[in-house]
>>> print(open('structure20.cif').read())   # mmCIF, C-alpha atoms, pLDDT in the B column; chains and numbers go by the auth columns
data_protein
#
loop_
_atom_site.group_PDB
_atom_site.id
_atom_site.type_symbol
_atom_site.label_atom_id
_atom_site.label_comp_id
_atom_site.label_asym_id
_atom_site.label_seq_id
_atom_site.Cartn_x
_atom_site.Cartn_y
_atom_site.Cartn_z
_atom_site.B_iso_or_equiv
_atom_site.auth_seq_id
_atom_site.auth_asym_id
ATOM 1 C CA MET A 1 1.090 49.537 -35.273 46.00 30 A
ATOM 2 C CA LYS A 2 -0.247 50.084 -31.758 45.00 31 A
ATOM 3 C CA SER A 3 -3.108 47.672 -32.453 42.00 32 A
ATOM 4 C CA SER A 4 -0.583 45.049 -33.657 43.00 33 A
ATOM 5 C CA ILE A 5 1.424 45.440 -30.453 42.00 34 A
ATOM 6 C CA ALA A 6 -1.735 45.287 -28.354 39.00 35 A
ATOM 7 C CA LEU A 7 -2.879 42.187 -30.241 34.00 36 A
ATOM 8 C CA ALA A 8 0.536 40.586 -29.663 39.00 37 A
ATOM 9 C CA TRP A 9 0.267 41.297 -25.916 41.00 38 A
ATOM 10 C CA VAL A 10 -3.237 39.823 -25.773 37.00 39 A
ATOM 11 C CA PHE A 11 -2.177 36.746 -27.750 36.00 40 A
ATOM 12 C CA GLY A 12 0.940 36.327 -25.563 42.00 41 A
ATOM 13 C CA GLY A 13 -1.199 36.646 -22.439 41.00 42 A
ATOM 14 C CA LEU A 14 -3.586 33.965 -23.698 34.00 43 A
ATOM 15 C CA LEU A 15 -0.685 31.633 -24.399 37.00 44 A
ATOM 16 C CA ALA A 16 0.688 32.226 -20.910 42.00 45 A
ATOM 17 C CA VAL A 17 -2.696 31.540 -19.296 40.00 46 A
ATOM 18 C CA GLY A 18 -3.105 28.443 -21.459 44.00 47 A
ATOM 19 C CA SER A 19 0.268 27.079 -20.355 43.00 48 A
ATOM 20 C CA LEU A 20 -0.600 27.763 -16.710 45.00 49 A
ATOM 21 C CA ASN A 21 -3.852 25.864 -17.145 46.00 50 A
ATOM 22 C CA THR A 22 -2.015 22.975 -18.795 47.00 51 A
ATOM 23 C CA SER A 23 0.576 22.742 -16.008 49.00 52 A
ATOM 24 C CA GLY A 24 -2.242 23.098 -13.464 51.00 53 A
ATOM 25 C CA ALA A 25 -4.049 20.199 -15.123 52.00 54 A
ATOM 26 C CA ARG A 26 -0.867 18.135 -14.885 53.00 55 A
ATOM 27 C CA ALA A 27 -0.595 18.977 -11.187 50.00 56 A
ATOM 28 C CA GLN A 28 -4.221 17.978 -10.643 52.00 57 A
ATOM 29 C CA ARG A 29 -3.606 14.637 -12.382 53.00 58 A
ATOM 30 C CA ALA A 30 -0.610 14.016 -10.110 54.00 59 A
ATOM 31 C CA ASP A 31 -2.573 14.726 -6.923 77.00 60 A
ATOM 32 C CA PRO A 32 -4.771 11.598 -7.088 85.00 61 A
ATOM 33 C CA LYS A 33 -1.660 9.424 -7.300 91.00 62 A
ATOM 34 C CA ARG A 34 -0.064 11.257 -4.385 93.00 63 A
ATOM 35 C CA ALA A 35 -3.298 10.918 -2.403 94.00 64 A
ATOM 36 C CA GLY A 36 -3.510 7.254 -3.388 95.00 65 A
ATOM 37 C CA ALA A 37 0.067 6.638 -2.248 97.00 66 A
ATOM 38 C CA ALA A 38 -0.735 8.230 1.117 97.00 67 A
ATOM 39 C CA ALA A 39 -3.889 6.098 1.346 97.00 68 A
ATOM 40 C CA ILE A 40 -2.065 2.806 0.743 98.00 69 A
ATOM 41 C CA MET A 41 0.707 3.769 3.167 98.00 70 A
ATOM 42 C CA LYS A 42 -1.998 4.367 5.784 98.00 71 A
ATOM 43 C CA ALA A 43 -3.809 1.138 4.846 98.00 72 A
ATOM 44 C CA ASP A 44 -0.537 -0.787 5.197 98.00 73 A
ATOM 45 C CA ALA A 45 0.156 0.744 8.628 98.00 74 A
ATOM 46 C CA ASP A 46 -3.450 0.017 9.720 98.00 75 A
ATOM 47 C CA PHE A 47 -3.127 -3.544 8.371 98.00 76 A
ATOM 48 C CA ASN A 48 -0.067 -4.018 10.591 98.00 77 A
ATOM 49 C CA GLN A 49 -1.853 -2.445 13.570 98.00 78 A
ATOM 50 C CA ALA A 50 -4.719 -4.932 13.189 98.00 79 A
ATOM 51 C CA LEU A 51 -2.181 -7.746 13.495 98.00 80 A
ATOM 52 C CA ALA A 52 -0.440 -6.046 16.446 97.00 81 A
ATOM 53 C CA ASP A 53 -3.855 -5.768 18.138 97.00 82 A
ATOM 54 C CA ARG A 54 -4.469 -9.452 17.310 97.00 83 A
ATOM 55 C CA ASP A 55 -7.739 -8.436 15.648 98.00 84 A
ATOM 56 C CA LEU A 56 -8.292 -11.138 13.022 98.00 85 A
ATOM 57 C CA LYS A 57 -11.554 -9.684 11.701 98.00 86 A
ATOM 58 C CA ARG A 58 -9.997 -6.263 11.123 98.00 87 A
ATOM 59 C CA PHE A 59 -6.837 -7.844 9.671 98.00 88 A
ATOM 60 C CA LEU A 60 -8.882 -9.805 7.146 98.00 89 A
ATOM 61 C CA SER A 61 -10.818 -6.661 6.193 98.00 90 A
ATOM 62 C CA PHE A 62 -7.633 -5.470 4.460 98.00 91 A
ATOM 63 C CA VAL A 63 -7.367 -8.650 2.380 98.00 92 A
ATOM 64 C CA GLY A 64 -8.984 -8.614 -1.056 96.00 93 A
ATOM 65 C CA GLU A 65 -10.614 -11.458 -2.908 93.00 94 A
ATOM 66 C CA PRO A 66 -8.956 -12.906 -4.849 92.00 95 A
ATOM 67 C CA THR A 67 -5.595 -12.563 -3.169 95.00 96 A
ATOM 68 C CA THR A 68 -2.277 -14.352 -3.004 96.00 97 A
ATOM 69 C CA PHE A 69 0.053 -14.405 -0.010 96.00 98 A
ATOM 70 C CA ASN A 70 3.439 -15.867 -0.828 92.00 99 A
ATOM 71 C CA GLY A 71 6.446 -16.259 1.434 73.00 100 A
ATOM 72 C CA GLY A 72 4.761 -16.881 4.754 60.00 101 A
ATOM 73 C CA MET A 73 4.262 -20.144 6.580 58.00 102 A
ATOM 74 C CA ALA A 74 2.762 -21.866 3.529 59.00 103 A
ATOM 75 C CA ASP A 75 4.057 -21.682 -0.027 78.00 104 A
ATOM 76 C CA GLU A 76 1.043 -19.764 -1.364 91.00 105 A
ATOM 77 C CA ILE A 77 -2.302 -18.843 0.106 92.00 106 A
ATOM 78 C CA HIS A 78 -5.199 -17.779 -2.108 92.00 107 A
ATOM 79 C CA SER A 79 -8.198 -16.837 0.051 92.00 108 A
ATOM 80 C CA ARG A 80 -9.170 -15.002 3.231 94.00 109 A
ATOM 81 C CA ASP A 81 -10.179 -18.289 4.886 94.00 110 A
ATOM 82 C CA ALA A 82 -6.798 -19.868 4.105 93.00 111 A
ATOM 83 C CA ILE A 83 -5.004 -16.759 5.368 95.00 112 A
ATOM 84 C CA ALA A 84 -7.036 -16.883 8.597 95.00 113 A
ATOM 85 C CA ARG A 85 -5.971 -20.524 9.110 94.00 114 A
ATOM 86 C CA GLU A 86 -2.294 -20.044 8.209 92.00 115 A
ATOM 87 C CA TRP A 87 -1.886 -16.803 10.169 94.00 116 A
ATOM 88 C CA ALA A 88 -3.802 -18.073 13.247 95.00 117 A
ATOM 89 C CA PRO A 89 -0.632 -18.334 15.417 93.00 118 A
ATOM 90 C CA TYR A 90 -0.163 -14.551 15.141 95.00 119 A
ATOM 91 C CA PHE A 91 -3.603 -13.979 16.669 97.00 120 A
ATOM 92 C CA GLU A 92 -3.093 -16.233 19.704 95.00 121 A
ATOM 93 C CA ALA A 93 -2.573 -14.419 23.023 91.00 122 A
ATOM 94 C CA ASN A 94 1.019 -15.673 23.401 89.00 123 A
ATOM 95 C CA GLY A 95 1.666 -16.269 19.716 92.00 124 A
ATOM 96 C CA ALA A 96 4.512 -15.004 17.623 94.00 125 A
ATOM 97 C CA ARG A 97 4.641 -11.273 16.863 96.00 126 A
ATOM 98 C CA LEU A 98 4.974 -10.038 13.302 96.00 127 A
ATOM 99 C CA THR A 99 5.382 -6.332 12.680 97.00 128 A
ATOM 100 C CA TRP A 100 6.219 -4.368 9.583 97.00 129 A
ATOM 101 C CA LYS A 101 6.650 -0.806 8.495 97.00 130 A
ATOM 102 C CA PRO A 102 6.057 0.496 4.992 97.00 131 A
ATOM 103 C CA THR A 103 8.878 2.690 3.694 97.00 132 A
ATOM 104 C CA LYS A 104 7.464 3.482 0.256 98.00 133 A
ATOM 105 C CA GLY A 105 4.092 3.409 -1.430 98.00 134 A
ATOM 106 C CA GLU A 106 3.173 4.230 -4.986 98.00 135 A
ATOM 107 C CA VAL A 107 0.018 4.177 -7.082 97.00 136 A
ATOM 108 C CA LEU A 108 0.324 3.018 -10.682 95.00 137 A
ATOM 109 C CA GLY A 109 -1.617 3.214 -13.912 91.00 138 A
ATOM 110 C CA HIS A 110 -5.104 4.620 -13.632 91.00 139 A
ATOM 111 C CA GLY A 111 -4.891 4.957 -9.856 93.00 140 A
ATOM 112 C CA ASP A 112 -6.523 1.646 -8.926 95.00 141 A
ATOM 113 C CA LEU A 113 -3.360 -0.377 -8.322 97.00 142 A
ATOM 114 C CA GLY A 114 -0.447 0.360 -6.032 98.00 143 A
ATOM 115 C CA TYR A 115 2.242 -1.180 -3.908 98.00 144 A
ATOM 116 C CA THR A 116 4.022 -0.734 -0.620 98.00 145 A
ATOM 117 C CA VAL A 117 7.450 -1.991 0.350 98.00 146 A
ATOM 118 C CA GLY A 118 9.137 -2.071 3.693 98.00 147 A
ATOM 119 C CA ALA A 119 10.806 -4.099 6.397 98.00 148 A
ATOM 120 C CA TRP A 120 9.292 -6.717 8.694 97.00 149 A
ATOM 121 C CA GLU A 121 10.306 -8.419 11.931 97.00 150 A
ATOM 122 C CA ARG A 122 9.037 -11.659 13.461 96.00 151 A
ATOM 123 C CA ARG A 123 9.552 -12.421 17.158 96.00 152 A
ATOM 124 C CA ALA A 124 8.786 -15.907 18.392 94.00 153 A
ATOM 125 C CA THR A 125 9.967 -18.467 20.874 92.00 154 A
ATOM 126 C CA ALA A 126 12.246 -21.155 19.470 89.00 155 A
ATOM 127 C CA ALA A 127 11.807 -24.835 20.321 86.00 156 A
ATOM 128 C CA GLY A 128 14.281 -24.578 23.236 88.00 157 A
ATOM 129 C CA GLY A 129 12.421 -21.624 24.739 88.00 158 A
ATOM 130 C CA GLN A 130 14.906 -19.075 23.453 92.00 159 A
ATOM 131 C CA PRO A 131 13.677 -15.932 21.699 93.00 160 A
ATOM 132 C CA ALA A 132 14.022 -16.032 17.926 95.00 161 A
ATOM 133 C CA VAL A 133 13.999 -12.927 15.759 96.00 162 A
ATOM 134 C CA THR A 134 13.761 -13.000 11.984 95.00 163 A
ATOM 135 C CA ARG A 135 13.832 -9.925 9.749 97.00 164 A
ATOM 136 C CA GLY A 136 13.261 -9.215 6.102 96.00 165 A
ATOM 137 C CA ASN A 137 11.663 -7.081 3.444 97.00 166 A
ATOM 138 C CA TYR A 138 8.224 -7.251 1.882 97.00 167 A
ATOM 139 C CA LEU A 139 6.181 -6.158 -1.110 97.00 168 A
ATOM 140 C CA THR A 140 2.411 -5.751 -0.930 98.00 169 A
ATOM 141 C CA VAL A 141 0.284 -5.023 -3.985 98.00 170 A
ATOM 142 C CA TRP A 142 -2.931 -3.110 -3.262 98.00 171 A
ATOM 143 C CA ARG A 143 -6.049 -2.840 -5.428 98.00 172 A
ATOM 144 C CA LYS A 144 -8.573 -0.056 -4.999 97.00 173 A
ATOM 145 C CA GLN A 145 -12.081 -1.442 -4.534 96.00 174 A
ATOM 146 C CA ALA A 146 -15.339 -0.032 -5.904 95.00 175 A
ATOM 147 C CA ASP A 147 -16.069 1.442 -2.449 95.00 176 A
ATOM 148 C CA GLY A 148 -12.706 3.286 -2.486 94.00 177 A
ATOM 149 C CA ALA A 149 -11.017 1.006 0.053 96.00 178 A
ATOM 150 C CA TRP A 150 -7.566 -0.391 -0.680 98.00 179 A
ATOM 151 C CA ARG A 151 -7.178 -4.152 -0.169 98.00 180 A
ATOM 152 C CA VAL A 152 -4.250 -6.524 -0.513 98.00 181 A
ATOM 153 C CA SER A 153 -4.129 -8.325 -3.811 97.00 182 A
ATOM 154 C CA PHE A 154 -0.662 -9.869 -3.433 97.00 183 A
ATOM 155 C CA ASP A 155 1.782 -10.061 -0.530 97.00 184 A
ATOM 156 C CA THR A 156 5.255 -11.523 -0.418 96.00 185 A
ATOM 157 C CA GLY A 157 8.425 -11.178 1.566 94.00 186 A
ATOM 158 C CA SER A 158 11.934 -12.442 2.002 93.00 187 A
ATOM 159 C CA SER A 159 14.129 -12.861 5.043 92.00 188 A
ATOM 160 C CA PHE A 160 17.745 -11.898 5.513 88.00 189 A
#
>>> encode(input="structure20.cif", output="structure tokens")
Amino acid sequence: MKSSIALAWVFGGLLAVGSLNTSGARAQRADPKRAGAAAIMKADADFNQALADRDLKRFLSFVGEPTTFNGGMADEIHSRDAIAREWAPYFEANGARLTWKPTKGEVLGHGDLGYTVGAWERRATAAGGQPAVTRGNYLTVWRKQADGAWRVSFDTGSSF
């Protein structure tokens, strides 16, 4: 009888350890997505900082190939070169200012695709010399590259 009770305790202990290992494995699987979400939030903030610094080369380093930008000055832009041309006014010394702030980032699937969403603001000078401010929301889709860097795969926004 004592050996049966001891065996039951040992078996119960193994089950408990096994369930801890299983929940630990689940927690470890969740960590890469949490780390990925933090990484794309940082990439998005750094992407914005490159524009604020008017650093075209650094800005373009966040843009993947292929990519699609939709909702900006042109209907759709599909390459880094086209983005450089269309976004050129933002890199001029006295050009319009576009800023944004990500409010949420999430990694999906196998951890190589994610998105950020947030709010943006554009400050420019209207034709009559008056300041013009436009605001809206945006969605940016990020793809993790072979080197581990996150780059923009799709970007769009809307104004309100």
>>> resolve_selection(input="structure20.cif", expression="the PyMOL selection byres ((chain A and resi 68-74) around 12)", output="MDAnalysis selection string")
chainID A and resid 61:67 75:81 87:88 90:92 128:137 140:149 167:173 177:181 184
>>> residues_around(input="structure20.cif", residues="Ala117 of chain A", least_positions_apart="4", cutoff="12 Å", atoms="all atoms listed in the file", output="PyMOL selection string")
chain A and resi 80+83-86+88-89+102+109-113+121-127
>>> write_last_selection(input="structure20.cif", atoms="C-alpha atoms", output="CSV table (one decimal), keeping the file's coordinate frame")
chain,number,residue,atom,x,y,z
A,80,LEU,CA,-2.2,-7.7,13.5
A,83,ARG,CA,-4.5,-9.5,17.3
A,84,ASP,CA,-7.7,-8.4,15.6
A,85,LEU,CA,-8.3,-11.1,13.0
A,86,LYS,CA,-11.6,-9.7,11.7
A,88,PHE,CA,-6.8,-7.8,9.7
A,89,LEU,CA,-8.9,-9.8,7.1
A,102,MET,CA,4.3,-20.1,6.6
A,109,ARG,CA,-9.2,-15.0,3.2
A,110,ASP,CA,-10.2,-18.3,4.9
A,111,ALA,CA,-6.8,-19.9,4.1
A,112,ILE,CA,-5.0,-16.8,5.4
A,113,ALA,CA,-7.0,-16.9,8.6
A,121,GLU,CA,-3.1,-16.2,19.7
A,122,ALA,CA,-2.6,-14.4,23.0
A,123,ASN,CA,1.0,-15.7,23.4
A,124,GLY,CA,1.7,-16.3,19.7
A,125,ALA,CA,4.5,-15.0,17.6
A,126,ARG,CA,4.6,-11.3,16.9
A,127,LEU,CA,5.0,-10.0,13.3
>>> atom_distance(input="structure20.cif", atom1="atom CA of Gly186 of chain A", atom2="atom CA of Phe98 of chain A")
9.1 Å
>>> axis_aligned_box(input="structure20.cif", around="segment 105-111 of chain A", padding_each_side="5 Å", output="lines of an AutoDock Vina configuration file")
center_x = -4.6
center_y = -17.4
center_z = 1.4
size_x = 21.2
size_y = 14.9
size_z = 17.0
>>> closest_residue(input="structure20.cif", among="A:Tyr119, A:Val162, A:Asp82, A:Pro95", to="Phe183 of chain A", atoms="only C-alpha atoms")
A:Pro95
>>> atom_distance(input="structure20.cif", atom1="atom CA of Arg151 of chain A", atom2="atom CA of Asn166 of chain A")
11.3 Å
>>> atom_distance(input="structure20.cif", atom1="atom CA of Thr96 of chain A", atom2="atom CA of Glu150 of chain A")
22.3 Å
